[in-house]
Every structure is written in C-alpha cells, then in structure tokens.
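J.: What follows is the file start.txt, containing compact mmCIF, C-alpha atoms:
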```txt
# COMPACT_ATOMS: atom_id res chain seq x y z
CA MET D 1 19.57 -14.41 12.36
CA GLY D 2 17.08 -16.03 10.03
CA PHE D 3 17.34 -19.51 8.58
CA LEU D 4 17.78 -18.07 5.10
CA ASP D 5 20.73 -15.94 6.22
CA LYS D 6 22.80 -19.00 7.05
CA GLU D 7 25.40 -20.71 4.90
CA PHE D 8 25.77 -24.46 5.21
CA ASN D 9 28.92 -26.51 4.75
CA ASP D 10 27.30 -29.51 3.12
CA GLY D 11 23.99 -30.04 1.42
CA ASN D 12 21.79 -32.73 2.94
CA ILE D 13 18.32 -33.70 1.80
CA VAL D 14 16.58 -31.24 4.14
CA ILE D 15 18.59 -28.22 3.11
CA THR D 16 18.44 -28.88 -0.61
CA THR D 17 14.67 -29.46 -0.48
CA ALA D 18 14.09 -26.31 1.55
CA GLU D 19 16.33 -24.49 -0.90
CA ASP D 20 14.28 -25.71 -3.86
CA ILE D 21 11.03 -24.60 -2.26
CA MET D 22 12.42 -21.18 -1.30
CA ASN D 23 13.90 -20.60 -4.75
CA TRP D 24 10.66 -21.63 -6.41
CA ALA D 25 8.69 -19.28 -4.16
CA ARG D 26 11.09 -16.43 -4.86
CA LEU D 27 11.15 -16.78 -8.60
CA SER D 28 7.38 -17.16 -8.85
CA SER D 29 6.52 -13.91 -7.08
CA LEU D 30 9.01 -11.28 -8.16
CA TRP D 31 7.26 -8.10 -7.09
CA GLN D 32 8.82 -5.07 -8.69
CA VAL D 33 9.19 -1.50 -7.54
CA SER D 34 6.88 0.52 -9.77
CA PHE D 35 9.61 2.73 -11.02
CA GLY D 36 10.14 3.99 -14.55
CA LEU D 37 12.68 6.44 -15.90
CA ALA D 38 12.46 7.13 -19.62
CA CYS D 39 11.13 5.65 -22.86
CA CYS D 40 12.04 2.13 -21.66
CA ALA D 41 9.44 2.64 -18.94
CA ILE D 42 6.76 2.86 -21.64
CA GLU D 43 7.82 -0.57 -22.90
CA MET D 44 7.85 -1.82 -19.30
CA MET D 45 4.28 -0.59 -18.86
CA ALA D 46 3.32 -2.29 -22.12
CA THR D 47 4.83 -5.48 -20.71
CA SER D 48 2.71 -5.12 -17.59
CA ALA D 49 -0.45 -4.58 -19.62
CA SER D 50 -2.74 -7.35 -20.74
CA HIS D 51 -1.16 -8.13 -24.09
CA TYR D 52 2.20 -9.30 -22.69
CA ASP D 53 0.92 -9.80 -19.14
CA PHE D 54 3.89 -9.58 -16.76
CA ASP D 55 1.52 -10.77 -14.05
CA ARG D 56 1.58 -14.36 -15.30
CA PHE D 57 5.22 -14.58 -14.11
CA GLY D 58 4.21 -13.14 -10.74
CA VAL D 59 5.52 -9.64 -11.42
CA ILE D 60 3.28 -7.14 -9.68
CA PRO D 61 4.21 -3.46 -9.37
CA ARG D 62 4.44 -2.33 -5.72
CA PRO D 63 4.37 1.29 -4.57
CA SER D 64 7.12 0.89 -1.99
CA PRO D 65 10.60 -0.66 -2.23
CA ARG D 66 10.01 -2.30 1.16
CA GLN D 67 7.52 -4.70 -0.45
CA ALA D 68 9.50 -5.38 -3.60
CA ASP D 69 11.94 -8.05 -4.79
CA ILE D 70 13.18 -6.64 -8.08
CA ILE D 71 13.81 -3.21 -9.47
CA ILE D 72 13.82 -2.73 -13.24
CA ILE D 73 16.06 0.17 -14.15
CA SER D 74 14.12 1.21 -17.22
CA GLY D 75 15.79 4.08 -18.96
CA THR D 76 18.39 6.82 -18.82
CA VAL D 77 19.91 7.21 -15.37
CA THR D 78 21.02 10.79 -14.79
CA LEU D 79 23.64 11.47 -12.14
CA LYS D 80 20.99 13.17 -10.02
CA MET D 81 18.72 10.13 -10.23
CA ALA D 82 21.54 7.69 -9.51
CA THR D 83 21.69 8.70 -5.83
CA ARG D 84 17.93 8.17 -5.53
CA ILE D 85 18.13 4.76 -7.22
CA LYS D 86 20.92 3.80 -4.85
CA ARG D 87 18.71 4.67 -1.89
CA LEU D 88 15.69 2.81 -3.34
CA TYR D 89 17.90 -0.23 -3.80
CA GLU D 90 19.21 0.04 -0.24
CA GLN D 91 15.66 0.20 1.07
CA MET D 92 14.55 -3.03 -0.60
CA PRO D 93 14.55 -6.11 1.64
CA GLU D 94 16.79 -9.09 0.87
CA PRO D 95 16.78 -10.96 -1.45
CA LYS D 96 16.76 -8.24 -4.10
CA TYR D 97 17.42 -8.41 -7.80
CA ILE D 98 18.04 -5.87 -10.52
CA ILE D 99 17.21 -5.93 -14.20
CA SER D 100 18.98 -3.27 -16.20
CA MET D 101 16.73 -2.49 -19.15
CA GLY D 102 17.92 -0.81 -22.31
CA SER D 103 21.20 0.63 -23.53
CA CYS D 104 21.10 3.74 -21.32
CA ALA D 105 20.90 1.73 -18.11
CA ASN D 106 23.41 -0.84 -19.38
CA CYS D 107 26.20 1.49 -20.42
CA GLY D 108 24.95 5.02 -21.03
CA GLY D 109 23.71 4.23 -24.54
CA PRO D 110 23.52 7.24 -26.86
CA TYR D 111 24.82 9.43 -24.03
CA TRP D 112 28.05 7.47 -23.79
CA GLU D 113 30.25 10.13 -25.34
CA HIS D 114 28.67 13.53 -24.79
CA GLY D 115 26.15 12.94 -22.01
CA TYR D 116 27.73 15.03 -19.26
CA HIS D 117 24.75 14.34 -16.99
CA VAL D 118 24.21 10.63 -17.59
CA LEU D 119 25.55 7.74 -15.51
CA LYS D 120 27.49 5.42 -17.81
CA GLY D 121 25.77 2.24 -16.74
CA ILE D 122 23.74 1.54 -13.61
CA ASP D 123 26.24 -1.17 -12.59
CA ARG D 124 28.55 1.61 -11.45
CA VAL D 125 26.12 2.20 -8.58
CA ILE D 126 24.30 -1.05 -7.84
CA PRO D 127 24.97 -4.70 -8.75
CA VAL D 128 22.98 -5.83 -11.80
CA ASP D 129 21.67 -9.38 -12.30
CA VAL D 130 20.38 -9.27 -15.87
CA TYR D 131 21.14 -6.83 -18.69
CA VAL D 132 18.45 -6.47 -21.35
CA PRO D 133 19.85 -4.93 -24.56
CA GLY D 134 17.83 -2.73 -26.89
CA CYS D 135 16.93 0.91 -27.39
CA PRO D 136 14.30 0.49 -26.07
CA PRO D 137 13.98 -3.31 -25.76
CA ARG D 138 10.72 -4.81 -26.97
CA PRO D 139 8.43 -6.28 -24.31
CA GLU D 140 9.46 -9.76 -25.46
CA ALA D 141 13.07 -8.87 -24.68
CA LEU D 142 12.12 -7.78 -21.16
CA LEU D 143 10.21 -11.03 -20.69
CA GLU D 144 13.29 -12.93 -21.82
CA GLY D 145 15.34 -10.99 -19.27
CA LEU D 146 12.90 -11.93 -16.55
CA LEU D 147 13.05 -15.60 -17.54
CA LYS D 148 16.86 -15.43 -17.34
CA LEU D 149 16.57 -13.93 -13.87
CA GLN D 150 14.20 -16.71 -12.81
CA GLU D 151 16.73 -19.25 -14.08
CA LYS D 152 19.41 -17.57 -11.99
CA ILE D 153 17.25 -17.62 -8.87
CA ARG D 154 16.38 -21.29 -9.43
CA ASN D 155 20.07 -22.20 -9.20
CA GLU D 156 20.78 -20.22 -6.03
CA SER D 157 22.16 -22.19 -3.13
CA MET D 158 22.57 -21.87 0.62
CA ILE D 159 25.54 -24.23 0.59
CA LYS D 160 28.92 -22.61 0.98
CA LYS D 161 30.85 -22.66 -2.28
CA SER D 162 34.01 -24.76 -2.24
CA ALA D 163 37.13 -23.24 -3.72
CA MET J 1 -11.14 -41.71 18.10
CA VAL J 2 -13.44 -40.04 15.60
CA ILE J 3 -16.50 -41.23 17.57
CA LEU J 4 -14.93 -39.88 20.75
CA VAL J 5 -14.44 -36.46 19.18
CA GLN J 6 -17.98 -36.53 17.77
CA ASN J 7 -19.39 -37.38 21.20
CA PHE J 8 -17.31 -34.62 22.76
CA LEU J 9 -18.67 -32.13 20.22
CA LYS J 10 -22.22 -33.33 20.83
CA VAL J 11 -22.15 -33.47 24.61
CA MET J 12 -19.65 -30.93 25.77
CA LEU J 13 -19.86 -28.10 23.27
CA THR J 14 -22.56 -25.63 22.46
CA GLU J 15 -22.67 -24.02 19.01
CA PHE J 16 -20.94 -20.99 20.51
CA GLY J 17 -18.22 -23.28 21.80
CA LYS J 18 -17.47 -24.48 18.28
CA ALA J 19 -17.25 -20.90 17.06
CA PHE J 20 -14.90 -20.17 19.96
CA ILE J 21 -12.62 -23.04 18.94
CA PHE J 22 -12.45 -21.67 15.40
CA ILE J 23 -11.59 -18.20 16.66
CA LEU J 24 -8.95 -19.65 18.99
CA LEU J 25 -7.36 -21.66 16.16
CA GLY J 26 -7.36 -18.56 13.96
CA ALA J 27 -5.59 -16.48 16.61
CA ILE J 28 -2.99 -19.19 17.27
CA PHE J 29 -2.40 -19.58 13.53
CA VAL J 30 -1.67 -15.87 13.07
CA VAL J 31 0.83 -15.77 15.96
CA ALA J 32 2.53 -18.98 14.79
CA ILE J 33 2.90 -17.73 11.20
CA VAL J 34 4.41 -14.42 12.31
CA TYR J 35 6.86 -16.27 14.57
CA VAL J 36 7.85 -18.83 11.92
CA SER J 37 8.46 -16.16 9.30
CA LYS J 38 10.64 -14.34 11.83
CA LEU J 39 12.70 -17.52 12.19
CA ILE J 40 13.08 -18.07 8.46
CA ARG J 41 13.38 -14.69 6.75
CA PRO J 42 16.65 -12.89 6.13
CA ALA J 43 16.88 -9.77 8.30
CA ARG J 44 19.69 -7.35 7.55
CA PRO J 45 18.65 -3.93 8.76
CA THR J 46 20.88 -0.99 7.91
CA LYS J 47 20.55 2.69 8.68
CA GLU J 48 19.73 3.47 5.04
CA LYS J 49 17.07 0.78 4.92
CA LEU J 50 15.36 2.00 8.07
CA THR J 51 15.08 5.63 6.98
CA THR J 52 11.66 6.97 6.09
CA TYR J 53 10.64 6.20 2.50
CA GLU J 54 10.04 9.41 0.59
CA CYS J 55 10.54 8.18 -2.96
CA GLY J 56 14.32 8.22 -2.59
CA GLU J 57 14.55 11.80 -1.33
CA ASN J 58 16.02 12.79 2.02
CA PRO J 59 13.25 12.71 4.61
CA GLU J 60 12.56 16.24 5.78
CA GLY J 61 10.67 17.66 8.74
CA SER J 62 8.47 15.91 11.25
CA PRO J 63 5.38 13.94 10.22
CA TRP J 64 3.67 15.04 13.46
CA ILE J 65 2.42 18.35 12.11
CA LYS J 66 -0.79 19.98 13.28
CA PHE J 67 -3.62 19.65 10.81
CA ASN J 68 -6.36 22.27 10.64
CA ILE J 69 -9.57 20.87 12.13
CA ARG J 70 -11.69 22.75 9.56
CA PHE J 71 -10.63 20.24 6.91
CA TYR J 72 -12.53 17.68 8.97
CA VAL J 73 -15.79 19.64 8.63
CA VAL J 74 -15.25 20.07 4.89
CA ALA J 75 -14.59 16.34 4.52
CA LEU J 76 -17.71 15.51 6.53
CA ILE J 77 -19.92 17.80 4.41
CA PHE J 78 -18.43 16.32 1.26
CA LEU J 79 -19.11 12.82 2.52
CA ILE J 80 -22.77 13.62 3.18
CA PHE J 81 -23.32 14.84 -0.36
CA ASP J 82 -21.26 12.01 -1.77
CA VAL J 83 -23.55 9.48 -0.10
CA GLU J 84 -26.55 11.53 -1.21
CA VAL J 85 -25.54 11.20 -4.85
CA VAL J 86 -24.87 7.49 -4.47
CA LEU J 87 -28.34 6.95 -2.98
CA LEU J 88 -30.20 9.32 -5.31
CA ILE J 89 -28.97 7.94 -8.63
CA PRO J 90 -30.68 4.53 -8.24
CA TRP J 91 -33.72 6.33 -6.81
CA ALA J 92 -33.86 8.70 -9.79
CA LEU J 93 -33.64 5.74 -12.19
CA GLY J 94 -36.36 3.70 -10.53
CA TYR J 95 -38.76 5.89 -8.55
CA LYS J 96 -41.44 5.84 -11.24
CA ALA J 97 -41.99 2.14 -10.54
CA PHE J 98 -43.05 2.97 -6.96
CA GLY J 99 -45.35 5.83 -7.87
CA MET J 100 -46.15 8.52 -5.32
CA THR J 101 -44.67 6.56 -2.38
CA GLY J 102 -41.25 6.32 -4.02
CA PHE J 103 -41.30 10.02 -4.83
CA LEU J 104 -42.26 10.97 -1.26
CA VAL J 105 -39.53 8.78 0.26
CA GLY J 106 -36.94 10.48 -1.91
CA LEU J 107 -38.40 13.86 -1.06
CA ILE J 108 -38.18 13.21 2.69
CA PHE J 109 -34.55 12.17 2.29
CA LEU J 110 -33.80 15.36 0.34
CA VAL J 111 -35.62 17.54 2.88
CA LEU J 112 -33.62 16.00 5.74
CA LEU J 113 -30.36 16.67 3.92
CA GLY J 114 -31.59 20.19 3.07
CA LEU J 115 -32.25 20.82 6.77
CA GLY J 116 -28.72 19.67 7.58
CA MET J 117 -27.39 21.95 4.85
CA ALA J 118 -29.35 24.91 6.24
CA TYR J 119 -28.01 24.17 9.72
CA GLU J 120 -24.36 24.10 8.67
CA TRP J 121 -24.92 27.23 6.57
CA ARG J 122 -26.37 29.03 9.57
CA LYS J 123 -23.48 27.84 11.76
CA GLY J 124 -21.04 29.29 9.22
CA ASP J 125 -19.35 25.99 8.37
CA LEU J 126 -19.46 26.73 4.64
CA GLU J 127 -17.28 29.81 5.16
CA TRP J 128 -13.56 29.13 5.36
CA GLU J 129 -13.10 32.18 7.60
CA LYS J 130 -15.70 31.53 10.25
CA PRO J 131 -17.39 34.93 10.78
CA LYS J 132 -18.13 34.61 14.48
CA VAL J 133 -18.97 31.97 17.01
CA LEU J 134 -22.66 31.85 17.97
CA PRO J 135 -22.92 30.52 21.49
CA PRO J 136 -26.43 29.71 22.74
CA SER J 137 -27.69 32.62 24.84
CA ILE J 138 -30.74 33.41 26.97
CA LYS J 139 -32.32 36.77 26.35
CA LYS J 140 -32.29 38.83 29.53
CA ASN J 141 -35.54 40.71 28.78
CA ASN J 142 -37.59 37.52 29.10
CA LEU J 143 -35.80 36.55 32.26
CA LYS J 144 -36.17 39.84 34.13
CA PRO J 145 -39.88 39.98 34.99
CA GLU J 146 -39.82 36.44 36.36
CA THR J 147 -36.88 37.07 38.61
CA GLU J 148 -38.51 40.24 39.83
CA LYS J 149 -41.72 38.36 40.53
CA GLU J 150 -39.80 35.74 42.45
CA LEU J 151 -38.07 38.42 44.42
CA VAL J 152 -41.38 40.03 45.28
CA GLU J 153 -42.87 36.77 46.36
CA VAL J 154 -39.93 36.00 48.61
```
Mind turning this structure into structure tokens?
T.:
Amino acid sequence: MGFLDKEFNDGNIVITTAEDIMNWARLSSLWQVSFGLACCAIEMMATSASHYDFDRFGVIPRPSPRQADIIIISGTVTLKMATRIKRLYEQMPEPKYIISMGSCANCGGPYWEHGYHVLKGIDRVIPVDVYVPGCPPRPEALLEGLLKLQEKIRNESMIKKSA
Amino acid sequence: MVILVQNFLKVMLTEFGKAFIFILLGAIFVVAIVYVSKLIRPARPTKEKLTTYECGENPEGSPWIKFNIRFYVVALIFLIFDVEVVLLIPWALGYKAFGMTGFLVGLIFLVLLGLGMAYEWRKGDLEWEKPKVLPPSIKKNNLKPETEKELVEV
C-alpha cells in the first residue's frame, strides 16, 4: 500500500507539508485523456491550441487513460458511449478527476426531453468534480472550470475527516 | 575533506574510472527512483483497470497473430527509397557547386541503388505473389565432361 493511499488521524508538520507538495504537483500537471465527443470537443481543442493555451496549466492530451489524470467529458454522451466512458474512467490511475463540459454532459441538455438515446448527465455513470455550463461553453469557461478543479485539488487532505 | 577527495581523484582514478562512477550513480539513481515511487504512489488495481486498452471496447482476439513476412521485404524496399530521397534532395539542390565530382558521386549512389533494385526485381520481391523460388543451381552439362575425365584418369 502506497504512502498516498493512507489516511492519517492527525496532521503533523511532515504530513501537511508532504500533502502540500503532492497537491501542488497534482494540480500543476493535469494530463487529460485526449477524448472528445461532440461540438464541445471543438471548443476543447480550441482551448488546447495556442490562443488559449491549456498547456500553461499543465494540461497535456495523452493517448491512453493509463497516463492521464483528468477526463473532460466534452459533449453529448449517448447510452452506447456511456459504457465506453465508464471503462475509460475505470482504466485511469488514481487520483482521477472529471470535468463535465457543456449542457449535454451535465444533464442531457437539449436532449433532456426527447433524446431517447442520450444519457441524462454523465454523473449518472461516473462521479463528476466540476460542471462547466454552456452550449457549448467558451474556452474561457473551460479554463475557469479547470481553475476550479485546481482549487479543489489544492484543498485535498490525507487526514481523516472528523465527524 | 575536499583535498582528500581531490587527491583520491588524482591518484586513484583514471579518466575511465570517473566515467564509471557517473554510470554507477546513474544506475543507482534509476533503481532508487523506481523504488521510491513504488512506496509513495497509490496502487489500486482492479480487473477493469488491468484489461487491455482498446479505446474502451472489449478486447478481442489474441495479439500474438502471425504476420506475413513479405511485409518486411516491402518495408525494407520502401526504407531504401525513402533514404534515397532524403539524401538526393540536398544533393540535387547543391551538386552544381561541386561540379563534375558532385555529379559523379550522386551518379554512383544512384547506380548502386539501381543495381539493388534490379536484384530485387530479378528475385521477384516486387511481385506480391512470388512467381517461383530460384535456388542457385549448377548446370550438369558443364559438370559432366570433368567427372568423366576424372573417372578415366582414376
């Protein structure tokens, strides 16, 4: 069992410092699965390109989920695709994070009522960390979502939560 | 302490010895890093995580399939001409500066590749369906008189 798998009862100076370093390392190099679904994926690609430059936050697209830390669900998730996404998520190593991008991934979006083939929100299949609203969201919105995720990771703790 | 180390380096170690120490340190570093990361990282293997990655699909069939050896020949021939193009483009741009010598060097290179091309053509490697195997053979007509002569002499 690795050091990072453990939960500690109280935070001493060693653990909290190690925690800070680990969290900083994690949030500074969020490699994503290069995985796009629909029109949101076009915006995601635009975010990766030089104008918005996802790379400056350490987000690099990786061709395999085994090397990735985050998966951005960018677009309409059909029921057929949902099983594949579930498997991709399962194959990512811990710690793993999910950004749900756009209305379709958040809640089904325009397919909410009559989309017989669309999953009504990716959070029915896998746990989502950050929801980015929009149809599709602008690249700035996705960047904002990523910053929120980084904030979340910065506050993660290895100390057991007291009731 | 520093002087001691300096003396040690001067007296005891050859230049190869220093290189050896660097290589040794490098090897130890790699092993140590792999071990430390094993201590630190979270490891939670599941059956789903350990399955073969095929873009989310169910893995199907065995990866240990037999691969036709003729692809190897095709790849090799392609590689030769690939390298030829890479070498000939700078030559074509600049051979005028070297006059006749430059032209002849390029020509020799092309002739060598042409010979290779003729050889593989003759061997039937450019055909996907290889017409027939041509094993090296000795013609019997040339052999006969000599053997007869030898027999007579014996």
J.: Hey, what's within 10 Å of J:Trp128 if we count all atoms listed in the file and toss same-chain stuff fewer than 5 positions away? As a list in words, please?
T.: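 Near neighbours after the sequence-gap exclusion: Arg70, Phe71 and Val74 of chain J.
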J.: Mind pulling up the distance from atom CA of J:Leu93 to atom CA of J:Leu113?
T.: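 For atom CA of J:Leu113 relative to atom CA of J:Leu93, the distance reads 19.7 Å.
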J.: List the neighbours of stretch 36-49 of chain D out to 12 Å using all atoms listed in the file; skip same-chain residues closer than 5 positions along the sequence, and give me the result as number ranges by chain.
T.: D: 31, 54-61, 63, 71-78, 81-82, 84-85, 99-106, 132-146
J.: Starting from chain J, keep only residues with some atom at most 10 Å from an atom of chain D, counting only C-alpha atoms, and report them as a compact mmCIF listing (two decimals) with C-alpha atoms, in the coordinates of the input.
T.:
```txt
# COMPACT_ATOMS: atom_id res chain seq x y z
CA VAL J 36 7.85 -18.83 11.92
CA SER J 37 8.46 -16.16 9.30
CA LYS J 38 10.64 -14.34 11.83
CA LEU J 39 12.70 -17.52 12.19
CA ILE J 40 13.08 -18.07 8.46
CA ARG J 41 13.38 -14.69 6.75
CA PRO J 42 16.65 -12.89 6.13
CA ALA J 43 16.88 -9.77 8.30
CA ARG J 44 19.69 -7.35 7.55
CA PRO J 45 18.65 -3.93 8.76
CA THR J 46 20.88 -0.99 7.91
CA LYS J 47 20.55 2.69 8.68
CA GLU J 48 19.73 3.47 5.04
CA LYS J 49 17.07 0.78 4.92
CA LEU J 50 15.36 2.00 8.07
CA THR J 51 15.08 5.63 6.98
CA THR J 52 11.66 6.97 6.09
CA TYR J 53 10.64 6.20 2.50
CA GLU J 54 10.04 9.41 0.59
CA CYS J 55 10.54 8.18 -2.96
CA GLY J 56 14.32 8.22 -2.59
CA GLU J 57 14.55 11.80 -1.33
CA ASN J 58 16.02 12.79 2.02
```
J.: Have a look at D:Leu27, D:Leu119, D:Val33, D:Ala68 and name the one nearest to D:Leu149; count only C-alpha atoms.
T.: D:Leu27
J.: Contacts of D:Asp20 at 9 Å or less, counting only C-alpha atoms, minus same-chain residues fewer than 3 places along, as a list in words?
T.: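 Skipping anything fewer than 3 positions along the chain leaves Ile15, Thr16, Thr17, Asn23, Trp24, Ala25, Arg154, Asn155, Glu156 and Ser157 of chain D.
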J.: Can you measure atom CA of J:Lys96 to atom CA of J:Val83 for me? One decimal in Å is fine.
T.: 21.4 Å
J.: So which one's closest to D:Val128, D:Arg62, D:His51, D:His114, D:Lys96? Using only C-alpha atoms, please.
T.: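 Among the listed residues, the smallest separation from D:Val128 belongs to D:Lys96.
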J.: Identify which of the residues D:Glu151, D:Cys107, D:Val125, D:Asp69 lies closest to D:Ser29, counting all atoms listed in the file when measuring atom-to-atom distances.
T.: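 That would be D:Asp69, the residue with the smallest distance to D:Ser29.
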J.: Provide the atom CA of D:Lys160 to atom CA of D:Pro127 distance in Å, to one decimal place.
T.: 20.8 Å
J.: From the options J:Glu84, J:Glu120, J:Glu60, J:Glu127, which residue's atoms come nearest to J:Gly106, counting only C-alpha atoms?
T.: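 Closest residue, counting only C-alpha atoms: J:Glu84.
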J.: What's the 6 Å shell around D:Ile159, counting only C-alpha atoms, without same-chain residues fewer than 2 positions away, as a list of chain:residue names?
T.: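 Listing them by chain and then by number gives D:Glu7, D:Phe8, D:Asn9, D:Ser157.
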